[in-house]
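Have a look at input_1.cif; it's mmCIF, C-alpha atoms:
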```cif
data_coords
loop_
_atom_site.group_PDB
_atom_site.id
_atom_site.type_symbol
_atom_site.label_atom_id
_atom_site.label_comp_id
_atom_site.auth_asym_id
_atom_site.auth_seq_id
_atom_site.Cartn_x
_atom_site.Cartn_y
_atom_site.Cartn_z
ATOM 1 C CA MET A 234 -18.335 -121.322 -136.510
ATOM 2 C CA GLY A 235 -15.416 -119.325 -135.108
ATOM 3 C CA ALA A 236 -17.138 -118.829 -131.758
ATOM 4 C CA ALA A 237 -17.906 -122.555 -131.536
ATOM 5 C CA CYS A 238 -14.241 -123.430 -132.198
ATOM 6 C CA TRP A 239 -13.111 -120.863 -129.622
ATOM 7 C CA LEU A 240 -15.474 -122.338 -126.995
ATOM 8 C CA TRP A 241 -14.162 -125.860 -127.649
ATOM 9 C CA ASN A 242 -10.557 -124.712 -127.361
ATOM 10 C CA TYR A 243 -11.291 -122.826 -124.138
ATOM 11 C CA LEU A 244 -13.147 -125.826 -122.689
ATOM 12 C CA LYS A 245 -10.226 -128.149 -123.489
ATOM 13 C CA ARG A 246 -7.674 -125.854 -121.832
ATOM 14 C CA SER A 247 -9.798 -124.963 -118.791
ATOM 15 C CA GLY A 248 -9.998 -128.392 -117.207
ATOM 16 C CA ALA A 249 -13.777 -127.967 -116.940
ATOM 17 C CA SER A 250 -16.290 -130.742 -117.575
ATOM 18 C CA GLY A 251 -18.632 -128.588 -119.628
ATOM 19 C CA PHE A 252 -20.778 -125.476 -119.665
ATOM 20 C CA LEU A 253 -23.751 -124.110 -117.758
ATOM 21 C CA LEU A 254 -25.932 -121.464 -119.386
ATOM 22 C CA PRO A 255 -28.776 -119.598 -117.683
ATOM 23 C CA LEU A 256 -31.506 -119.326 -120.323
ATOM 24 C CA SER A 257 -33.892 -116.398 -120.407
ATOM 25 C CA GLY A 258 -35.767 -117.350 -123.537
ATOM 26 C CA GLY A 259 -34.183 -114.357 -125.291
ATOM 27 C CA ASP A 260 -30.629 -113.458 -126.309
ATOM 28 C CA SER A 261 -29.108 -116.365 -124.359
ATOM 29 C CA SER A 262 -30.455 -118.610 -127.117
ATOM 30 C CA SER A 263 -27.608 -117.445 -129.363
ATOM 31 C CA VAL A 264 -25.063 -118.783 -126.865
ATOM 32 C CA ALA A 265 -26.928 -122.103 -126.653
ATOM 33 C CA ALA A 266 -26.854 -122.304 -130.454
ATOM 34 C CA ILE A 267 -23.082 -121.765 -130.428
ATOM 35 C CA VAL A 268 -22.624 -124.656 -127.977
ATOM 36 C CA GLY A 269 -24.916 -126.752 -130.186
ATOM 37 C CA CYS A 270 -22.726 -125.925 -133.211
ATOM 38 C CA MET A 271 -19.624 -126.753 -131.174
ATOM 39 C CA SER A 272 -21.079 -130.181 -130.330
ATOM 40 C CA GLN A 273 -21.839 -130.815 -134.002
ATOM 41 C CA LEU A 274 -18.295 -129.859 -135.015
ATOM 42 C CA VAL A 275 -16.760 -132.118 -132.356
ATOM 43 C CA VAL A 276 -18.817 -135.128 -133.454
ATOM 44 C CA LYS A 277 -18.019 -134.388 -137.122
ATOM 45 C CA GLU A 278 -14.269 -134.273 -136.420
ATOM 46 C CA ILE A 279 -14.470 -137.548 -134.490
ATOM 47 C CA ALA A 280 -16.285 -139.140 -137.460
ATOM 48 C CA ASN A 281 -13.533 -137.789 -139.738
ATOM 49 C CA GLY A 282 -10.922 -139.624 -137.655
ATOM 50 C CA ASP A 283 -9.431 -136.820 -135.548
ATOM 51 C CA GLU A 284 -7.976 -138.810 -132.646
ATOM 52 C CA GLN A 285 -7.083 -135.737 -130.564
ATOM 53 C CA VAL A 286 -10.636 -134.367 -130.701
ATOM 54 C CA LYS A 287 -11.904 -137.851 -129.866
ATOM 55 C CA ALA A 288 -9.608 -138.133 -126.835
ATOM 56 C CA ASP A 289 -10.565 -134.652 -125.624
ATOM 57 C CA ALA A 290 -14.296 -135.345 -126.070
ATOM 58 C CA ILE A 291 -14.040 -138.638 -124.182
ATOM 59 C CA ARG A 292 -12.154 -136.951 -121.330
ATOM 60 C CA ILE A 293 -14.351 -133.854 -121.088
ATOM 61 C CA GLY A 294 -17.609 -135.779 -121.523
ATOM 62 C CA ASN A 295 -16.507 -138.378 -118.969
ATOM 63 C CA TYR A 296 -17.211 -141.252 -121.353
ATOM 64 C CA ILE A 297 -16.361 -144.709 -120.019
ATOM 65 C CA ASP A 298 -16.046 -148.294 -121.236
ATOM 66 C CA GLY A 299 -14.993 -147.417 -124.771
ATOM 67 C CA GLN A 300 -17.934 -145.089 -125.406
ATOM 68 C CA VAL A 301 -17.338 -142.428 -128.046
ATOM 69 C CA PRO A 302 -19.551 -139.444 -128.927
ATOM 70 C CA THR A 303 -21.378 -140.118 -132.199
ATOM 71 C CA ASP A 304 -24.362 -137.769 -131.898
ATOM 72 C CA SER A 305 -24.144 -134.035 -131.205
ATOM 73 C CA LYS A 306 -27.206 -133.916 -128.928
ATOM 74 C CA GLU A 307 -25.978 -136.889 -126.950
ATOM 75 C CA PHE A 308 -22.558 -135.251 -126.640
ATOM 76 C CA ALA A 309 -24.174 -131.978 -125.532
ATOM 77 C CA GLN A 310 -26.017 -133.878 -122.823
ATOM 78 C CA HIS A 311 -22.642 -134.938 -121.430
ATOM 79 C CA ILE A 312 -21.172 -131.426 -121.345
ATOM 80 C CA PHE A 313 -23.962 -128.833 -121.351
ATOM 81 C CA TYR A 314 -26.498 -127.746 -118.732
ATOM 82 C CA THR A 315 -29.094 -125.052 -119.246
ATOM 83 C CA VAL A 316 -31.225 -123.581 -116.494
ATOM 84 C CA PHE A 317 -34.285 -121.354 -116.584
ATOM 85 C CA MET A 318 -34.511 -119.339 -113.371
ATOM 86 C CA GLY A 319 -38.004 -117.942 -113.474
ATOM 87 C CA SER A 320 -39.834 -115.575 -111.195
ATOM 88 C CA ASP A 321 -43.362 -114.228 -110.925
ATOM 89 C CA ASN A 322 -42.311 -111.793 -113.643
ATOM 90 C CA SER A 323 -41.330 -114.552 -116.107
ATOM 91 C CA SER A 324 -43.672 -115.367 -118.959
ATOM 92 C CA ALA A 325 -44.867 -118.846 -119.824
ATOM 93 C CA ASP A 326 -43.486 -118.208 -123.334
ATOM 94 C CA SER A 327 -39.967 -117.618 -121.976
ATOM 95 C CA ARG A 328 -40.161 -120.838 -119.985
ATOM 96 C CA ARG A 329 -41.468 -122.761 -123.016
ATOM 97 C CA ARG A 330 -38.804 -121.319 -125.355
ATOM 98 C CA SER A 331 -36.041 -122.224 -122.909
ATOM 99 C CA ARG A 332 -37.264 -125.800 -122.625
ATOM 100 C CA ALA A 333 -37.626 -126.140 -126.424
ATOM 101 C CA LEU A 334 -34.150 -124.711 -127.020
ATOM 102 C CA SER A 335 -32.543 -127.078 -124.528
ATOM 103 C CA LYS A 336 -34.223 -129.996 -126.278
ATOM 104 C CA GLU A 337 -33.006 -128.762 -129.669
ATOM 105 C CA VAL A 338 -29.336 -128.556 -128.628
ATOM 106 C CA GLY A 339 -29.454 -131.594 -126.333
ATOM 107 C CA SER A 340 -28.570 -129.955 -123.017
ATOM 108 C CA TRP A 341 -29.652 -131.160 -119.604
ATOM 109 C CA HIS A 342 -32.236 -128.604 -118.555
ATOM 110 C CA LEU A 343 -33.374 -127.388 -115.162
ATOM 111 C CA ASP A 344 -36.353 -125.121 -114.489
ATOM 112 C CA VAL A 345 -36.391 -123.416 -111.113
ATOM 113 C CA SER A 346 -38.329 -120.599 -109.465
ATOM 114 C CA ILE A 347 -36.189 -118.010 -107.699
ATOM 115 C CA ASP A 348 -39.123 -116.271 -105.970
ATOM 116 C CA GLY A 349 -38.388 -117.885 -102.593
ATOM 117 C CA VAL A 350 -34.794 -116.667 -102.575
ATOM 118 C CA ILE A 351 -35.805 -113.152 -103.615
ATOM 119 C CA SER A 352 -38.544 -113.072 -100.989
ATOM 120 C CA SER A 353 -36.008 -114.056 -98.319
ATOM 121 C CA LEU A 354 -33.646 -111.276 -99.391
ATOM 122 C CA LEU A 355 -36.433 -108.689 -99.374
ATOM 123 C CA SER A 356 -37.546 -109.874 -95.941
ATOM 124 C CA LEU A 357 -33.971 -109.570 -94.675
ATOM 125 C CA PHE A 358 -33.753 -106.030 -96.052
ATOM 126 C CA GLN A 359 -37.016 -105.098 -94.347
ATOM 127 C CA THR A 360 -35.826 -106.596 -91.051
ATOM 128 C CA LEU A 361 -32.572 -104.633 -91.250
ATOM 129 C CA THR A 362 -33.999 -101.280 -92.357
ATOM 130 C CA GLY A 363 -37.696 -101.279 -91.569
ATOM 131 C CA LYS A 364 -38.312 -100.359 -95.228
ATOM 132 C CA GLN A 365 -40.188 -102.389 -97.810
ATOM 133 C CA LEU A 366 -39.174 -102.189 -101.474
ATOM 134 C CA HIS A 367 -41.794 -101.604 -104.185
ATOM 135 C CA ASN A 368 -41.454 -101.772 -107.933
ATOM 136 C CA LYS A 369 -42.396 -98.786 -110.045
ATOM 137 C CA GLU A 370 -45.824 -100.201 -110.910
ATOM 138 C CA ASN A 371 -46.645 -100.275 -107.186
ATOM 139 C CA GLY A 372 -45.459 -96.763 -106.380
ATOM 140 C CA GLY A 373 -41.752 -97.451 -105.934
ATOM 141 C CA THR A 374 -38.960 -95.120 -106.957
ATOM 142 C CA ASN A 375 -36.389 -95.618 -109.709
ATOM 143 C CA VAL A 376 -33.889 -96.587 -107.000
ATOM 144 C CA GLU A 377 -36.207 -99.291 -105.637
ATOM 145 C CA ASN A 378 -36.973 -100.556 -109.129
ATOM 146 C CA ALA A 379 -33.268 -100.816 -110.024
ATOM 147 C CA ALA A 380 -32.546 -102.561 -106.713
ATOM 148 C CA LEU A 381 -35.293 -105.125 -107.326
ATOM 149 C CA ARG A 382 -33.970 -105.858 -110.835
ATOM 150 C CA ASN A 383 -30.433 -106.228 -109.512
ATOM 151 C CA ILE A 384 -31.556 -108.555 -106.713
ATOM 152 C CA GLN A 385 -33.015 -110.857 -109.379
ATOM 153 C CA ALA A 386 -29.885 -110.636 -111.530
ATOM 154 C CA ARG A 387 -27.493 -111.306 -108.640
ATOM 155 C CA THR A 388 -29.669 -114.168 -107.355
ATOM 156 C CA ARG A 389 -29.535 -115.793 -110.778
ATOM 157 C CA MET A 390 -25.765 -115.317 -110.878
ATOM 158 C CA VAL A 391 -25.237 -116.971 -107.479
ATOM 159 C CA ILE A 392 -27.481 -119.902 -108.409
ATOM 160 C CA ALA A 393 -25.686 -120.332 -111.757
ATOM 161 C CA PHE A 394 -22.259 -120.487 -110.131
ATOM 162 C CA MET A 395 -23.516 -122.825 -107.404
ATOM 163 C CA LEU A 396 -24.896 -125.195 -110.035
ATOM 164 C CA ALA A 397 -21.736 -124.951 -112.153
ATOM 165 C CA SER A 398 -19.670 -125.953 -109.136
ATOM 166 C CA LEU A 399 -21.892 -128.750 -107.856
ATOM 167 C CA LEU A 400 -23.693 -130.400 -110.785
ATOM 168 C CA PRO A 401 -20.640 -132.424 -111.833
ATOM 169 C CA TRP A 402 -20.445 -133.740 -108.258
ATOM 170 C CA VAL A 403 -24.176 -134.577 -108.335
ATOM 171 C CA HIS A 404 -23.545 -136.690 -111.451
ATOM 172 C CA ASN A 405 -20.307 -138.260 -110.169
ATOM 173 C CA LYS A 406 -18.232 -136.363 -112.714
ATOM 174 C CA PRO A 407 -14.917 -134.669 -112.058
ATOM 175 C CA GLY A 408 -14.396 -130.943 -112.356
ATOM 176 C CA PHE A 409 -16.750 -128.028 -112.747
ATOM 177 C CA TYR A 410 -18.767 -126.283 -115.436
ATOM 178 C CA LEU A 411 -17.915 -122.946 -116.990
ATOM 179 C CA VAL A 412 -20.756 -120.436 -116.699
ATOM 180 C CA LEU A 413 -21.704 -118.850 -120.007
ATOM 181 C CA SER A 414 -23.772 -115.713 -120.397
ATOM 182 C CA SER A 415 -25.115 -113.231 -122.869
ATOM 183 C CA THR A 416 -26.035 -109.608 -122.526
ATOM 184 C CA THR A 417 -26.792 -106.483 -124.433
ATOM 185 C CA ALA A 418 -24.496 -103.477 -124.232
ATOM 186 C CA ASP A 419 -27.263 -101.641 -122.388
ATOM 187 C CA GLU A 420 -27.443 -104.280 -119.633
ATOM 188 C CA GLY A 421 -23.672 -104.386 -119.285
ATOM 189 C CA LEU A 422 -23.343 -100.621 -118.972
ATOM 190 C CA CYS A 423 -26.183 -100.377 -116.446
ATOM 191 C CA GLY A 424 -24.905 -103.244 -114.301
ATOM 192 C CA ASN A 425 -27.867 -105.499 -115.051
ATOM 193 C CA LEU A 426 -25.770 -108.271 -116.607
ATOM 194 C CA THR A 427 -26.852 -111.692 -115.432
ATOM 195 C CA LYS A 428 -24.084 -114.213 -115.822
#
```
In C-alpha cells, how does this file's structure come out?
Amino acid sequence: MGAACWLWNYLKRSGASGFLLPLSGGDSSSVAAIVGCMSQLVVKEIANGDEQVKADAIRIGNYIDGQVPTDSKEFAQHIFYTVFMGSDNSSADSRRRSRALSKEVGSWHLDVSIDGVISSLLSLFQTLTGKQLHNKENGGTNVENAALRNIQARTRMVIAFMLASLLPWVHNKPGFYLVLSSTTADEGLCGNLTK
C-alpha cells in the first residue's frame, strides 16, 4: 500500500496525466498491480468524502461535466496505459498475460510488434559497417548477442517515451504520462533495463 500511496503523491505533484507501463508479462505485472491498488485507494477515499483526493482525481483523470471516479478500473482507464511491445522472440503466453493483466487493472492496452523497427536498425548497421549481426543461436558472439538484446531494450524505451508524450494529445488530454518500469538487479547492473 505504501508504494501505491507514493505513486499517487508523485503523480499529483508531477503535473502528469497518468502513467504508461511497458508490460513484458513478467515482473512488470507487480508495477501494474501497484497502480491498480492506487486506483482502488483513490476511489475509496473519494467515497469516504475526501474532497482533495476527489479534486486531484478529477483534474488528473481529465473528468468533465461533473463526472467523478466511482470505480477503480474506470479510473485506471483515465490515467493508465499499458503496452506490450513484442518481437519474434516474444511468447504468446507473455502477450496473453499482458492483455489479461491490463484488463484486470483497467488500463488502456496497446499491443505492438517492434520487429520492423529492429529490422531497420539492423539494416542501418549493416549498411554502415558491412557486418551483419547474429544471435548466439545462429553463430554470433557474446558481443553480438548483447548488442541485439540492447537494441530491443532501447527500442522499447524510445517507443515507451514517445507514447507517454503523445498519447494524451491523441486523446485530447493535457499533459504527459510518466513512464514506469520494473527490472531485476541483474538487468540493471548489466545495462539491460527496459524502461
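Around Gly251 of chain A, within 9 Å and counting only C-alpha atoms, the residues found are Leu244, Gly248, Ala249, Leu253, Ile293, Gly294, Ala309, His311, Ile312, Phe313, Tyr314, Ala397, Pro401, Gly408, Phe409, Tyr410, Leu411 and Val412 of chain A, once anything fewer than 2 positions away on its own chain is removed.
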Those selected residues, please, written with C-alpha atoms and delivered as an mmCIF file, keeping the file's coordinate frame.
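File produced: result.cif:
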```
data_model
loop_
_atom_site.group_PDB
_atom_site.id
_atom_site.type_symbol
_atom_site.label_atom_id
_atom_site.label_comp_id
_atom_site.auth_asym_id
_atom_site.auth_seq_id
_atom_site.Cartn_x
_atom_site.Cartn_y
_atom_site.Cartn_z
ATOM 1 C CA LEU A 244 -13.147 -125.826 -122.689
ATOM 2 C CA GLY A 248 -9.998 -128.392 -117.207
ATOM 3 C CA ALA A 249 -13.777 -127.967 -116.940
ATOM 4 C CA LEU A 253 -23.751 -124.110 -117.758
ATOM 5 C CA ILE A 293 -14.351 -133.854 -121.088
ATOM 6 C CA GLY A 294 -17.609 -135.779 -121.523
ATOM 7 C CA ALA A 309 -24.174 -131.978 -125.532
ATOM 8 C CA HIS A 311 -22.642 -134.938 -121.430
ATOM 9 C CA ILE A 312 -21.172 -131.426 -121.345
ATOM 10 C CA PHE A 313 -23.962 -128.833 -121.351
ATOM 11 C CA TYR A 314 -26.498 -127.746 -118.732
ATOM 12 C CA ALA A 397 -21.736 -124.951 -112.153
ATOM 13 C CA PRO A 401 -20.640 -132.424 -111.833
ATOM 14 C CA GLY A 408 -14.396 -130.943 -112.356
ATOM 15 C CA PHE A 409 -16.750 -128.028 -112.747
ATOM 16 C CA TYR A 410 -18.767 -126.283 -115.436
ATOM 17 C CA LEU A 411 -17.915 -122.946 -116.990
ATOM 18 C CA VAL A 412 -20.756 -120.436 -116.699
#
```
Check the smallest atom-to-atom distance from each of A:Ile392, A:Leu413, A:Val301, A:Ile291 to Ser346 of chain A using all atoms listed in the file, then report the winner.
-> A:Ile392
Using all atoms listed in the file, tabulate the residues of segment 313-361 of chain A lying at most 8 Å from any atom of segment 263-269 of chain A, each with its closest atom pair and that distance in Å to one decimal, by chain and increasing residue number, as a Markdown table.
```
| residue | atom | partner | partner_atom | distance |
| --- | --- | --- | --- | --- |
| A:Phe313 | CA | A:Val268 | CA | 7.9 |
| A:Leu334 | CA | A:Ala265 | CA | 7.7 |
| A:Ser335 | CA | A:Ala265 | CA | 7.8 |
| A:Val338 | CA | A:Gly269 | CA | 5.0 |
| A:Gly339 | CA | A:Gly269 | CA | 7.7 |
```
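Here atom CA of Met318 of chain A is placed at a distance of 5.0 Å from atom CA of Val345 of chain A.
Going from atom CA of Val350 of chain A over to atom CA of Thr388 of chain A, you cover 7.4 Å.
Shortest separation to Met234 of chain A among A:Phe252, A:Asp260, A:Ala280, A:Val275 occurs at residue A:Val275, atoms counted being all atoms listed in the file.
For the residues A:Gly235, A:Gly363, A:Pro302, A:Pro407, ranking by smallest atom-to-atom distance to Glu278 of chain A using all atoms listed in the file places A:Pro302 first.
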The PyMOL selection byres ((chain A and resi 351-354) around 12) applied to the shown file, residues as a ChimeraX atom specification | /A:318-321,346-350,355-361,365-366,380-389,391-392
Please return segment 286-321 of chain A, rebuilt to N, CA and C atoms, as a PDB file, in the frame of the given file.
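Resulting contents of result_12.pdb:
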```
ATOM      1  N   VAL A 286      -9.287-134.836-131.053  1.00  0.00           N
ATOM      2  CA  VAL A 286     -10.636-134.367-130.701  1.00  0.00           C
ATOM      3  C   VAL A 286     -11.396-135.486-129.991  1.00  0.00           C
ATOM      4  N   LYS A 287     -11.246-136.696-130.481  1.00  0.00           N
ATOM      5  CA  LYS A 287     -11.904-137.851-129.866  1.00  0.00           C
ATOM      6  C   LYS A 287     -11.444-138.029-128.420  1.00  0.00           C
ATOM      7  N   ALA A 288     -10.144-137.973-128.194  1.00  0.00           N
ATOM      8  CA  ALA A 288      -9.608-138.133-126.835  1.00  0.00           C
ATOM      9  C   ALA A 288     -10.092-137.010-125.918  1.00  0.00           C
ATOM     10  N   ASP A 289     -10.091-135.784-126.426  1.00  0.00           N
ATOM     11  CA  ASP A 289     -10.565-134.652-125.624  1.00  0.00           C
ATOM     12  C   ASP A 289     -12.047-134.795-125.298  1.00  0.00           C
ATOM     13  N   ALA A 290     -12.852-135.196-126.281  1.00  0.00           N
ATOM     14  CA  ALA A 290     -14.296-135.345-126.070  1.00  0.00           C
ATOM     15  C   ALA A 290     -14.591-136.449-125.062  1.00  0.00           C
ATOM     16  N   ILE A 291     -13.854-137.540-125.138  1.00  0.00           N
ATOM     17  CA  ILE A 291     -14.040-138.638-124.182  1.00  0.00           C
ATOM     18  C   ILE A 291     -13.683-138.176-122.772  1.00  0.00           C
ATOM     19  N   ARG A 292     -12.586-137.446-122.644  1.00  0.00           N
ATOM     20  CA  ARG A 292     -12.154-136.951-121.330  1.00  0.00           C
ATOM     21  C   ARG A 292     -13.142-135.925-120.770  1.00  0.00           C
ATOM     22  N   ILE A 293     -13.478-134.927-121.567  1.00  0.00           N
ATOM     23  CA  ILE A 293     -14.351-133.854-121.088  1.00  0.00           C
ATOM     24  C   ILE A 293     -15.757-134.377-120.811  1.00  0.00           C
ATOM     25  N   GLY A 294     -16.261-135.234-121.687  1.00  0.00           N
ATOM     26  CA  GLY A 294     -17.609-135.779-121.523  1.00  0.00           C
ATOM     27  C   GLY A 294     -17.700-136.911-120.528  1.00  0.00           C
ATOM     28  N   ASN A 295     -16.554-137.313-119.971  1.00  0.00           N
ATOM     29  CA  ASN A 295     -16.507-138.378-118.969  1.00  0.00           C
ATOM     30  C   ASN A 295     -17.113-139.682-119.506  1.00  0.00           C
ATOM     31  N   TYR A 296     -16.759-140.002-120.753  1.00  0.00           N
ATOM     32  CA  TYR A 296     -17.211-141.252-121.353  1.00  0.00           C
ATOM     33  C   TYR A 296     -16.398-142.403-120.772  1.00  0.00           C
ATOM     34  N   ILE A 297     -17.038-143.540-120.599  1.00  0.00           N
ATOM     35  CA  ILE A 297     -16.361-144.709-120.019  1.00  0.00           C
ATOM     36  C   ILE A 297     -16.612-145.943-120.888  1.00  0.00           C
ATOM     37  N   ASP A 298     -15.873-146.988-120.602  1.00  0.00           N
ATOM     38  CA  ASP A 298     -16.046-148.294-121.236  1.00  0.00           C
ATOM     39  C   ASP A 298     -16.048-148.236-122.759  1.00  0.00           C
ATOM     40  N   GLY A 299     -15.131-147.471-123.325  1.00  0.00           N
ATOM     41  CA  GLY A 299     -14.993-147.417-124.771  1.00  0.00           C
ATOM     42  C   GLY A 299     -16.055-146.611-125.500  1.00  0.00           C
ATOM     43  N   GLN A 300     -16.917-145.924-124.759  1.00  0.00           N
ATOM     44  CA  GLN A 300     -17.934-145.089-125.406  1.00  0.00           C
ATOM     45  C   GLN A 300     -17.269-143.916-126.120  1.00  0.00           C
ATOM     46  N   VAL A 301     -17.840-143.544-127.248  1.00  0.00           N
ATOM     47  CA  VAL A 301     -17.338-142.428-128.046  1.00  0.00           C
ATOM     48  C   VAL A 301     -18.540-141.597-128.497  1.00  0.00           C
ATOM     49  N   PRO A 302     -18.439-140.267-128.448  1.00  0.00           N
ATOM     50  CA  PRO A 302     -19.551-139.444-128.927  1.00  0.00           C
ATOM     51  C   PRO A 302     -19.784-139.638-130.426  1.00  0.00           C
ATOM     52  N   THR A 303     -21.023-139.947-130.789  1.00  0.00           N
ATOM     53  CA  THR A 303     -21.378-140.118-132.199  1.00  0.00           C
ATOM     54  C   THR A 303     -22.557-139.243-132.608  1.00  0.00           C
ATOM     55  N   ASP A 304     -23.191-138.604-131.644  1.00  0.00           N
ATOM     56  CA  ASP A 304     -24.362-137.769-131.898  1.00  0.00           C
ATOM     57  C   ASP A 304     -24.191-136.450-131.145  1.00  0.00           C
ATOM     58  N   SER A 305     -24.410-135.340-131.826  1.00  0.00           N
ATOM     59  CA  SER A 305     -24.144-134.035-131.205  1.00  0.00           C
ATOM     60  C   SER A 305     -25.048-133.751-130.009  1.00  0.00           C
ATOM     61  N   LYS A 306     -26.309-134.149-130.068  1.00  0.00           N
ATOM     62  CA  LYS A 306     -27.206-133.916-128.928  1.00  0.00           C
ATOM     63  C   LYS A 306     -26.807-134.780-127.738  1.00  0.00           C
ATOM     64  N   GLU A 307     -26.426-135.996-128.024  1.00  0.00           N
ATOM     65  CA  GLU A 307     -25.978-136.889-126.950  1.00  0.00           C
ATOM     66  C   GLU A 307     -24.695-136.349-126.331  1.00  0.00           C
ATOM     67  N   PHE A 308     -23.789-135.839-127.163  1.00  0.00           N
ATOM     68  CA  PHE A 308     -22.558-135.251-126.640  1.00  0.00           C
ATOM     69  C   PHE A 308     -22.871-134.023-125.795  1.00  0.00           C
ATOM     70  N   ALA A 309     -23.783-133.174-126.291  1.00  0.00           N
ATOM     71  CA  ALA A 309     -24.174-131.978-125.532  1.00  0.00           C
ATOM     72  C   ALA A 309     -24.724-132.368-124.167  1.00  0.00           C
ATOM     73  N   GLN A 310     -25.453-133.461-124.108  1.00  0.00           N
ATOM     74  CA  GLN A 310     -26.017-133.878-122.823  1.00  0.00           C
ATOM     75  C   GLN A 310     -24.921-134.256-121.822  1.00  0.00           C
ATOM     76  N   HIS A 311     -23.773-134.628-122.308  1.00  0.00           N
ATOM     77  CA  HIS A 311     -22.642-134.938-121.430  1.00  0.00           C
ATOM     78  C   HIS A 311     -21.935-133.685-120.921  1.00  0.00           C
ATOM     79  N   ILE A 312     -22.018-132.585-121.675  1.00  0.00           N
ATOM     80  CA  ILE A 312     -21.172-131.426-121.345  1.00  0.00           C
ATOM     81  C   ILE A 312     -21.917-130.104-121.170  1.00  0.00           C
ATOM     82  N   PHE A 313     -23.246-130.107-121.297  1.00  0.00           N
ATOM     83  CA  PHE A 313     -23.962-128.833-121.351  1.00  0.00           C
ATOM     84  C   PHE A 313     -25.229-128.864-120.505  1.00  0.00           C
ATOM     85  N   TYR A 314     -25.299-127.955-119.550  1.00  0.00           N
ATOM     86  CA  TYR A 314     -26.498-127.746-118.732  1.00  0.00           C
ATOM     87  C   TYR A 314     -27.082-126.389-119.058  1.00  0.00           C
ATOM     88  N   THR A 315     -28.394-126.330-119.161  1.00  0.00           N
ATOM     89  CA  THR A 315     -29.094-125.052-119.246  1.00  0.00           C
ATOM     90  C   THR A 315     -30.053-124.978-118.069  1.00  0.00           C
ATOM     91  N   VAL A 316     -30.308-123.760-117.626  1.00  0.00           N
ATOM     92  CA  VAL A 316     -31.225-123.581-116.494  1.00  0.00           C
ATOM     93  C   VAL A 316     -32.065-122.330-116.722  1.00  0.00           C
ATOM     94  N   PHE A 317     -33.364-122.487-116.545  1.00  0.00           N
ATOM     95  CA  PHE A 317     -34.285-121.354-116.584  1.00  0.00           C
ATOM     96  C   PHE A 317     -34.607-121.002-115.143  1.00  0.00           C
ATOM     97  N   MET A 318     -34.272-119.792-114.744  1.00  0.00           N
ATOM     98  CA  MET A 318     -34.511-119.339-113.371  1.00  0.00           C
ATOM     99  C   MET A 318     -35.626-118.306-113.401  1.00  0.00           C
ATOM    100  N   GLY A 319     -36.844-118.798-113.335  1.00  0.00           N
ATOM    101  CA  GLY A 319     -38.004-117.942-113.474  1.00  0.00           C
ATOM    102  C   GLY A 319     -38.434-117.298-112.170  1.00  0.00           C
ATOM    103  N   SER A 320     -39.227-116.255-112.341  1.00  0.00           N
ATOM    104  CA  SER A 320     -39.834-115.575-111.195  1.00  0.00           C
ATOM    105  C   SER A 320     -41.282-115.276-111.553  1.00  0.00           C
ATOM    106  N   ASP A 321     -41.983-114.630-110.641  1.00  0.00           N
ATOM    107  CA  ASP A 321     -43.362-114.228-110.925  1.00  0.00           C
ATOM    108  C   ASP A 321     -43.439-113.347-112.164  1.00  0.00           C
TER     109      ASP A 321
END
```
